[in-house]
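> Input structure_25.txt, format and content: compact mmCIF, C-alpha atoms and all ligand atoms.
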```txt
# COMPACT_ATOMS: atom_id res chain seq x y z
CA MET A 523 -10.35 17.15 -32.47
CA THR A 524 -13.12 18.18 -30.12
CA VAL A 525 -15.77 16.45 -32.19
CA ARG A 526 -13.73 13.29 -32.29
CA THR A 527 -13.33 13.26 -28.49
CA ILE A 528 -17.08 13.49 -28.03
CA ASP A 529 -17.59 10.63 -30.48
CA VAL A 530 -15.28 8.36 -28.54
CA ARG A 531 -16.97 9.21 -25.28
CA GLU A 532 -20.39 8.52 -26.73
CA ARG A 533 -19.24 5.20 -28.09
CA VAL A 534 -17.84 4.24 -24.69
CA MET A 535 -21.09 5.18 -22.95
CA ALA A 536 -23.20 3.36 -25.55
CA LYS A 537 -21.12 0.23 -25.03
CA ASN A 538 -21.51 0.58 -21.26
CA ASP A 539 -25.28 0.97 -21.55
CA LYS A 540 -25.49 -2.17 -23.64
CA LEU A 541 -23.47 -4.16 -21.10
CA ALA A 542 -25.60 -2.69 -18.29
CA ALA A 543 -28.78 -3.82 -20.03
CA GLY A 544 -27.32 -7.33 -20.15
CA VAL A 545 -26.46 -7.21 -16.44
CA ARG A 546 -29.96 -5.95 -15.64
CA SER A 547 -31.69 -8.77 -17.50
CA LEU A 548 -29.36 -11.37 -15.95
CA LEU A 549 -30.22 -10.06 -12.48
CA GLN A 550 -33.92 -10.02 -13.32
CA GLN A 551 -33.78 -13.62 -14.53
CA HIS A 552 -32.47 -14.63 -11.12
CA GLY A 553 -34.79 -12.33 -9.18
CA VAL A 554 -31.88 -10.36 -7.72
CA LEU A 555 -32.50 -6.83 -6.49
CA ALA A 556 -29.38 -4.71 -7.10
CA LEU A 557 -28.64 -1.39 -5.41
CA ASN A 558 -25.77 0.82 -6.56
CA LEU A 559 -24.38 2.70 -3.53
CA VAL A 560 -22.73 6.01 -4.34
CA SER A 561 -21.36 8.74 -2.08
CA SER A 562 -18.47 11.08 -1.45
CA PRO A 563 -15.44 9.34 0.06
CA GLY A 564 -15.99 8.62 3.74
CA ALA A 565 -19.77 8.97 3.94
CA GLY A 566 -20.04 5.49 5.42
CA LYS A 567 -21.04 3.12 2.60
CA THR A 568 -18.85 0.33 3.90
CA ALA A 569 -19.96 0.86 7.51
CA LEU A 570 -23.61 0.82 6.42
CA LEU A 571 -23.02 -2.46 4.58
CA GLU A 572 -21.08 -3.99 7.49
CA ARG A 573 -23.95 -3.37 9.88
CA THR A 574 -26.56 -4.46 7.32
CA LEU A 575 -24.72 -7.72 6.64
CA ASP A 576 -24.47 -8.34 10.38
CA GLU A 577 -28.15 -7.71 10.94
CA LEU A 578 -29.73 -9.33 7.88
CA ASP A 579 -27.30 -12.09 6.93
CA ASP A 580 -29.63 -14.82 8.24
CA ARG A 581 -32.78 -13.28 6.72
CA ILE A 582 -31.80 -12.07 3.26
CA GLN A 583 -29.34 -13.71 0.88
CA MET A 584 -26.97 -10.86 0.12
CA ALA A 585 -23.92 -10.45 -2.06
CA VAL A 586 -21.55 -7.52 -2.42
CA ILE A 587 -19.45 -6.10 -5.19
CA THR A 588 -17.21 -3.36 -3.89
CA GLY A 589 -15.11 -0.99 -5.96
CA ASP A 590 -12.03 0.79 -4.73
CA VAL A 591 -9.51 2.82 -6.62
CA GLN A 592 -6.45 1.17 -5.19
CA THR A 593 -7.02 -1.27 -2.30
CA GLN A 594 -9.19 -4.22 -1.34
CA ASN A 595 -9.65 -2.88 2.20
CA ASP A 596 -13.41 -2.43 1.97
CA ALA A 597 -13.89 -5.89 0.50
CA GLU A 598 -11.81 -7.38 3.32
CA ARG A 599 -13.85 -5.50 5.95
CA LEU A 600 -17.10 -6.74 4.43
CA ALA A 601 -15.92 -10.32 3.98
CA LYS A 602 -15.64 -10.60 7.78
CA ARG A 603 -19.42 -10.03 8.03
CA THR A 604 -20.73 -12.65 5.65
CA ASP A 605 -20.03 -16.18 4.43
CA LYS A 606 -20.91 -15.09 0.94
CA LEU A 607 -18.33 -13.98 -1.52
CA VAL A 608 -17.47 -10.31 -1.50
CA GLN A 609 -16.23 -9.47 -4.94
CA ALA A 610 -13.58 -6.75 -4.97
CA VAL A 611 -13.02 -4.60 -8.02
CA VAL A 612 -9.85 -2.54 -7.93
CA THR A 613 -10.40 0.06 -10.59
CA GLY A 614 -6.71 0.96 -10.83
CA GLY A 615 -7.27 4.69 -10.71
CA ALA A 616 -10.70 4.95 -12.33
CA CYS A 617 -13.12 7.03 -10.28
CA HIS A 618 -16.24 4.93 -10.94
CA LEU A 619 -17.34 1.36 -11.60
CA ASP A 620 -18.52 0.42 -15.08
CA ALA A 621 -20.90 -2.27 -16.28
CA ARG A 622 -18.12 -4.45 -17.66
CA GLN A 623 -16.51 -4.68 -14.21
CA VAL A 624 -19.85 -5.59 -12.63
CA LYS A 625 -20.53 -8.19 -15.32
CA THR A 626 -17.14 -9.80 -14.66
CA ALA A 627 -17.65 -9.70 -10.88
CA LEU A 628 -21.06 -11.36 -11.27
CA GLU A 629 -19.45 -14.41 -12.88
CA ARG A 630 -18.08 -15.30 -9.45
CA ILE A 631 -21.34 -14.76 -7.56
CA ASP A 632 -23.94 -17.51 -7.19
CA LEU A 633 -27.00 -15.62 -8.40
CA ALA A 634 -29.34 -18.53 -7.75
CA SER A 635 -28.76 -18.04 -4.03
CA THR A 636 -28.74 -14.25 -4.04
CA GLU A 637 -31.73 -12.03 -3.38
CA LEU A 638 -30.03 -8.70 -2.82
CA LEU A 639 -26.86 -7.42 -4.43
CA PHE A 640 -25.11 -4.34 -3.11
CA ILE A 641 -22.72 -2.63 -5.48
CA GLU A 642 -20.50 -0.31 -3.48
CA ASN A 643 -19.29 2.22 -6.02
CA VAL A 644 -16.10 4.26 -5.79
CA GLY A 645 -16.51 7.30 -3.50
CA ASN A 646 -17.35 10.05 -5.98
CA LEU A 647 -20.58 11.96 -6.60
CA VAL A 648 -19.78 13.08 -10.13
CA CYS A 649 -19.27 10.44 -12.81
CA PRO A 650 -20.94 7.40 -11.16
CA ALA A 651 -24.17 9.30 -11.94
CA SER A 652 -23.57 8.69 -15.66
CA TRP A 653 -22.56 5.03 -15.51
CA ASP A 654 -25.38 2.53 -15.53
CA LEU A 655 -24.25 -0.70 -13.87
CA GLY A 656 -27.45 -2.64 -14.50
CA GLU A 657 -28.72 -1.86 -11.01
CA GLN A 658 -32.37 -1.45 -10.14
CA ALA A 659 -31.72 1.78 -8.29
CA LYS A 660 -28.96 4.10 -7.21
CA LEU A 661 -28.73 5.04 -3.57
CA VAL A 662 -26.78 8.04 -2.29
CA VAL A 663 -25.17 7.77 1.12
CA PHE A 664 -24.83 11.29 2.42
CA SER A 665 -23.42 12.04 5.86
CA VAL A 666 -24.16 14.83 8.31
CA THR A 667 -20.47 15.80 8.33
CA GLU A 668 -20.96 17.10 4.78
CA GLY A 669 -22.77 20.28 3.75
CA GLU A 670 -26.58 20.23 3.57
CA ASP A 671 -26.28 21.57 0.03
CA LYS A 672 -24.67 18.43 -1.44
CA PRO A 673 -27.86 17.74 -3.45
CA LEU A 674 -27.62 21.22 -5.01
CA LYS A 675 -23.93 20.79 -5.79
CA TYR A 676 -24.33 17.33 -7.31
CA PRO A 677 -27.88 17.46 -8.71
CA LYS A 678 -27.35 14.82 -11.37
CA MET A 679 -26.44 12.21 -8.79
CA PHE A 680 -29.50 12.98 -6.68
CA GLN A 681 -31.71 13.03 -9.79
CA GLU A 682 -30.44 9.63 -10.90
CA ALA A 683 -30.92 8.16 -7.42
CA ARG A 684 -34.11 6.78 -5.94
CA TYR A 685 -32.93 6.60 -2.32
CA VAL A 686 -30.86 8.65 0.07
CA VAL A 687 -29.39 7.34 3.29
CA LEU A 688 -28.49 10.28 5.49
CA ASN A 689 -25.85 8.67 7.66
CA LYS A 690 -23.88 9.44 10.85
CA ILE A 691 -26.92 10.97 12.58
CA ASP A 692 -25.25 10.09 15.91
CA LEU A 693 -23.03 13.13 15.19
CA LEU A 694 -25.94 15.58 14.90
CA PRO A 695 -25.42 17.05 18.40
CA HIS A 696 -21.82 17.90 17.45
CA VAL A 697 -22.12 19.28 13.91
CA PRO A 698 -24.00 22.28 12.51
CA PHE A 699 -26.03 20.14 10.09
CA ASP A 700 -29.67 21.00 9.46
CA VAL A 701 -31.52 17.78 8.57
CA GLU A 702 -34.64 19.58 7.39
CA LYS A 703 -32.64 21.81 5.09
CA ALA A 704 -30.83 18.80 3.62
CA ARG A 705 -34.12 16.99 3.10
CA GLN A 706 -35.59 20.08 1.44
CA TYR A 707 -32.61 20.43 -0.93
CA ALA A 708 -32.70 16.76 -1.85
CA LEU A 709 -36.42 16.84 -2.60
CA GLU A 710 -36.03 20.06 -4.53
CA VAL A 711 -33.65 18.28 -6.88
CA ASN A 712 -35.68 15.05 -6.95
CA PRO A 713 -39.15 15.01 -5.34
CA ASP A 714 -39.37 11.21 -5.66
CA LEU A 715 -36.43 10.47 -3.36
CA GLN A 716 -37.05 8.23 -0.40
CA ILE A 717 -34.85 9.33 2.49
CA PHE A 718 -33.61 7.28 5.45
CA LEU A 719 -31.86 8.65 8.51
CA THR A 720 -29.29 6.27 9.94
CA SER A 721 -26.25 5.83 12.09
CA ALA A 722 -24.33 2.79 10.94
CA LEU A 723 -22.17 3.29 14.04
CA THR A 724 -24.83 3.23 16.78
CA GLY A 725 -27.63 1.54 14.84
CA GLU A 726 -29.99 4.49 15.30
CA GLY A 727 -32.57 4.63 12.51
CA MET A 728 -31.36 1.38 10.99
CA ILE A 729 -34.63 -0.44 11.71
CA ASP A 730 -36.44 1.52 8.96
CA TRP A 731 -33.63 0.75 6.55
CA TYR A 732 -33.81 -2.99 7.34
CA ARG A 733 -37.60 -2.97 6.95
CA PHE A 734 -37.26 -1.23 3.62
CA LEU A 735 -34.72 -3.80 2.38
CA GLY A 736 -36.92 -6.66 3.56
CA SER A 737 -39.99 -5.40 1.75
CA ALA A 738 -38.04 -4.37 -1.38
CA VAL A 739 -36.58 -7.87 -1.64
CA ALA A 740 -40.00 -9.48 -1.07
CA GLU A 741 -41.58 -7.24 -3.68
CA ASN A 742 -38.82 -7.94 -6.18
CA SER A 743 -39.06 -11.73 -5.85
CA ALA A 744 -42.88 -11.56 -6.17
CA GLU A 745 -42.57 -9.86 -9.57
MG MG B 801 -16.07 2.12 1.32
ZN ZN B 802 -15.26 8.33 -12.96
```
Can the structure from this file be put into structure tokens for me?
Ligand code: MG
Ligand code: ZN

Amino acid sequence: MTVRTIDVRERVMAKNDKLAAGVRSLLQQHGVLALNLVSSPGAGKTALLERTLDELDDRIQMAVITGDVQTQNDAERLAKRTDKLVQAVVTGGACHLDARQVKTALERIDLASTELLFIENVGNLVCPASWDLGEQAKLVVFSVTEGEDKPLKYPKMFQEARYVVLNKIDLLPHVPFDVEKARQYALEVNPDLQIFLTSALTGEGMIDWYRFLGSAVAENSAE
């Protein structure tokens, strides 16, 4: 029985990887840069996107796919910030998005007028690490209300990611969080990580994040 279970899982993952490859080439065809945002619940993915949509909506053509286990609340929050369609995926209990859901969501998004696609994954640092969605890069949102050792506890997620947004830095005076330690742990697990420090609430640090998005989009469309 054990062997059989592993077989099924491998088949499911192989099917997902194939769908993800299709999503990736579709996005490439249209010159869309896609970032897969992962985090623990409550790290501030939606808040980061709200502020980013507010700030960059007239400069970068952005679209959002947002996954939630049970509600469309995040999608509704984000839809207030942009004229573009925010595609909600209610996973009905599943703790991660998969490539099939993203592929279906993309059918409703006008890729010809999209430069940057945010995929807000379900809040979970475990299995989203294993599910390729066809994104260009995974980005971990990690907040200063969590432990500095998150990268050590969830190494696979930080290894799979290319970027970390360390969010809620406005709370640093009130929490015992050591930014340098967190940075050290993250780089220990993955020395190639690029790390941003932000507060989606106050806007502190967001300018570097916006600059990064601007140049990443420009670079992607030049390719
Ligand atoms: Mg959210
Ligand atoms: Zn899962």
> Considering all atoms listed in the file, return as a list of chain:residue names whatever protein or nucleic-acid residues lie within 8 Å of Lys606 in chain A, sequence-local ones (same chain, fewer than 5 positions apart) excluded.
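Contacts, in chain order: A:Met584, A:Ala585, A:Ala601.
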> Using all atoms listed in the file, can you tell me which of A:Leu555, A:Arg531, A:Asp596, A:Asp580 comes closest to ligand MG 801 (chain B)?
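That would be A:Asp596, the residue with the smallest distance to ligand MG 801 (chain B).
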> State, in Å with one decimal place, the distance from CA of Ala543 in chain A to CA of Lys660 in chain A.
15.1 Å
> Do a neighbour search on Pro677 in chain A at 10 Å with only C-alpha atoms, toss out local chain neighbours closer than 5 positions, and write the hits as a PyMOL selection string.
chain A and resi 647-648+651+671-672+682-683+707-708+710-712
> Restricting the calculation to all atoms listed in the file: of A:Gly614, A:Pro563, A:Pro673, A:Gly736, which residue gets closest to Gln592 in chain A?
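Of the candidates, the smallest distance to Gln592 in chain A is held by A:Gly614.
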> Step by step, measure atom-to-atom distances between ligand ZN 802 (chain B) and each residue using all atoms listed in the file, keep those at most 7 Å, then write them as a VMD selection string.
chain A and resid 616 to 618 649 to 650
> Just the residues within 9 Å of range 637-645 of chain A, please, counting only C-alpha atoms, with nothing from its chain fewer than 6 positions along; format it as number ranges by chain.
A: 552-565, 567-568, 571, 582-591, 613, 616-619, 624, 655, 657, 735, 739-740, 742-743
> One decimal, Å: what's the distance from CA of Glu726 in chain A over to atom MG of ligand MG 801 (chain B), could you say?
19.9 Å
> Which residues come within 9 Å of Asp539 in chain A, counting only C-alpha atoms, excluding same-chain residues fewer than 4 positions away, as a PyMOL selection string?
chain A and resi 534-535+543-544+621+653-656
> Suppose we keep C-alpha atoms; can you now write the selection as a short mmCIF file (atom, residue, chain, number, x, y, z; two decimals), in the frame of the given file?

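After the write, result12.cif holds the following:
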```
data_model
loop_
_atom_site.label_atom_id
_atom_site.label_comp_id
_atom_site.auth_asym_id
_atom_site.auth_seq_id
_atom_site.Cartn_x
_atom_site.Cartn_y
_atom_site.Cartn_z
CA VAL A 534 -17.84 4.24 -24.69
CA MET A 535 -21.09 5.18 -22.95
CA ALA A 543 -28.78 -3.82 -20.03
CA GLY A 544 -27.32 -7.33 -20.15
CA ALA A 621 -20.90 -2.27 -16.28
CA TRP A 653 -22.56 5.03 -15.51
CA ASP A 654 -25.38 2.53 -15.53
CA LEU A 655 -24.25 -0.70 -13.87
CA GLY A 656 -27.45 -2.64 -14.50
#
```
> Please, what is the axis-aligned box for every listed atom of range 574-586 of chain A with 5 Å on each side, as centre and edge lengths in Å to one decimal, as lines of an AutoDock Vina configuration file?

```
center_x = -27.2
center_y = -9.6
center_z = 4.3
size_x = 21.2
size_y = 20.4
size_z = 23.4
```
> Take CA of Gln716 in chain A and CA of Val666 in chain A and report the distance between them in Å, one decimal.
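Computed distance, CA of Gln716 in chain A to CA of Val666 in chain A, equals 16.9 Å.
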> Hey, what's within 7 Å of Ala597 in chain A if we count all atoms listed in the file and toss same-chain stuff fewer than 5 positions away? As a list of chain:residue names, please?
A:Thr588, A:Val608, A:Gln609, A:Ala610
> Keeping just N, CA and C atoms, export range 562-599 of chain A of this structure as a compact mmCIF listing (two decimals), in the first residue's frame.

```txt
# COMPACT_ATOMS: atom_id res chain seq x y z
N SER A 562 3.33 32.35 5.78
CA SER A 562 2.42 31.83 6.80
C SER A 562 1.14 32.65 6.73
N PRO A 563 0.04 32.17 7.31
CA PRO A 563 -1.15 33.01 7.37
C PRO A 563 -0.86 34.30 8.13
N GLY A 564 -1.32 35.42 7.60
CA GLY A 564 -1.23 36.67 8.34
C GLY A 564 0.08 37.42 8.25
N ALA A 565 0.96 37.04 7.32
CA ALA A 565 2.24 37.74 7.20
C ALA A 565 2.10 39.05 6.43
N GLY A 566 0.97 39.22 5.75
CA GLY A 566 0.72 40.49 5.07
C GLY A 566 0.81 40.45 3.55
N LYS A 567 0.58 39.30 2.95
CA LYS A 567 0.61 39.22 1.48
C LYS A 567 -0.43 40.15 0.86
N THR A 568 -1.64 40.07 1.37
CA THR A 568 -2.72 40.87 0.78
C THR A 568 -2.46 42.36 1.00
N ALA A 569 -2.00 42.72 2.19
CA ALA A 569 -1.70 44.13 2.48
C ALA A 569 -0.58 44.64 1.57
N LEU A 570 0.43 43.81 1.35
CA LEU A 570 1.53 44.18 0.46
C LEU A 570 1.00 44.43 -0.95
N LEU A 571 0.11 43.56 -1.40
CA LEU A 571 -0.45 43.71 -2.74
C LEU A 571 -1.38 44.92 -2.82
N GLU A 572 -2.16 45.16 -1.77
CA GLU A 572 -3.05 46.33 -1.78
C GLU A 572 -2.24 47.61 -2.00
N ARG A 573 -1.18 47.75 -1.22
CA ARG A 573 -0.38 48.97 -1.31
C ARG A 573 0.35 49.05 -2.65
N THR A 574 0.82 47.91 -3.13
CA THR A 574 1.53 47.87 -4.41
C THR A 574 0.59 48.23 -5.56
N LEU A 575 -0.63 47.72 -5.53
CA LEU A 575 -1.61 48.05 -6.57
C LEU A 575 -1.91 49.54 -6.53
N ASP A 576 -2.08 50.08 -5.32
CA ASP A 576 -2.34 51.51 -5.16
C ASP A 576 -1.23 52.33 -5.79
N GLU A 577 0.00 51.95 -5.49
CA GLU A 577 1.15 52.76 -5.87
C GLU A 577 1.50 52.62 -7.35
N LEU A 578 1.40 51.41 -7.88
CA LEU A 578 1.94 51.15 -9.23
C LEU A 578 0.88 50.96 -10.31
N ASP A 579 -0.39 51.06 -9.93
CA ASP A 579 -1.47 50.74 -10.88
C ASP A 579 -1.38 51.55 -12.17
N ASP A 580 -0.89 52.80 -12.09
CA ASP A 580 -0.82 53.60 -13.32
C ASP A 580 0.52 53.45 -14.04
N ARG A 581 1.45 52.69 -13.46
CA ARG A 581 2.77 52.52 -14.09
C ARG A 581 3.00 51.13 -14.66
N ILE A 582 2.48 50.13 -13.98
CA ILE A 582 2.69 48.74 -14.41
C ILE A 582 1.31 48.09 -14.57
N GLN A 583 1.15 47.34 -15.65
CA GLN A 583 -0.11 46.63 -15.84
C GLN A 583 -0.08 45.33 -15.05
N MET A 584 -0.85 45.31 -13.96
CA MET A 584 -0.78 44.19 -13.03
C MET A 584 -2.09 43.40 -13.01
N ALA A 585 -1.96 42.12 -12.75
CA ALA A 585 -3.13 41.27 -12.53
C ALA A 585 -2.85 40.40 -11.31
N VAL A 586 -3.92 39.94 -10.69
CA VAL A 586 -3.77 39.16 -9.46
C VAL A 586 -4.63 37.90 -9.50
N ILE A 587 -4.01 36.81 -9.12
CA ILE A 587 -4.77 35.59 -8.83
C ILE A 587 -4.57 35.34 -7.34
N THR A 588 -5.64 35.21 -6.60
CA THR A 588 -5.48 35.04 -5.17
C THR A 588 -6.21 33.79 -4.69
N GLY A 589 -5.50 32.97 -3.94
CA GLY A 589 -6.07 31.72 -3.46
C GLY A 589 -6.41 31.79 -2.00
N ASP A 590 -7.57 31.32 -1.66
CA ASP A 590 -7.97 31.25 -0.26
C ASP A 590 -8.65 29.92 -0.03
N VAL A 591 -8.53 29.41 1.16
CA VAL A 591 -9.10 28.10 1.45
C VAL A 591 -10.62 28.14 1.37
N GLN A 592 -11.20 29.20 1.90
CA GLN A 592 -12.65 29.17 2.05
C GLN A 592 -13.39 30.43 1.59
N THR A 593 -12.75 31.58 1.59
CA THR A 593 -13.48 32.82 1.29
C THR A 593 -12.90 33.53 0.08
N GLN A 594 -13.60 34.57 -0.37
CA GLN A 594 -13.06 35.42 -1.43
C GLN A 594 -12.67 36.78 -0.84
N ASN A 595 -12.47 36.84 0.46
CA ASN A 595 -12.22 38.12 1.12
C ASN A 595 -11.01 38.85 0.57
N ASP A 596 -9.91 38.13 0.37
CA ASP A 596 -8.69 38.77 -0.13
C ASP A 596 -8.91 39.32 -1.53
N ALA A 597 -9.58 38.54 -2.36
CA ALA A 597 -9.85 38.98 -3.73
C ALA A 597 -10.70 40.25 -3.70
N GLU A 598 -11.69 40.29 -2.81
CA GLU A 598 -12.55 41.47 -2.72
C GLU A 598 -11.77 42.69 -2.24
N ARG A 599 -10.88 42.49 -1.28
CA ARG A 599 -10.02 43.60 -0.81
C ARG A 599 -9.19 44.14 -1.96
```
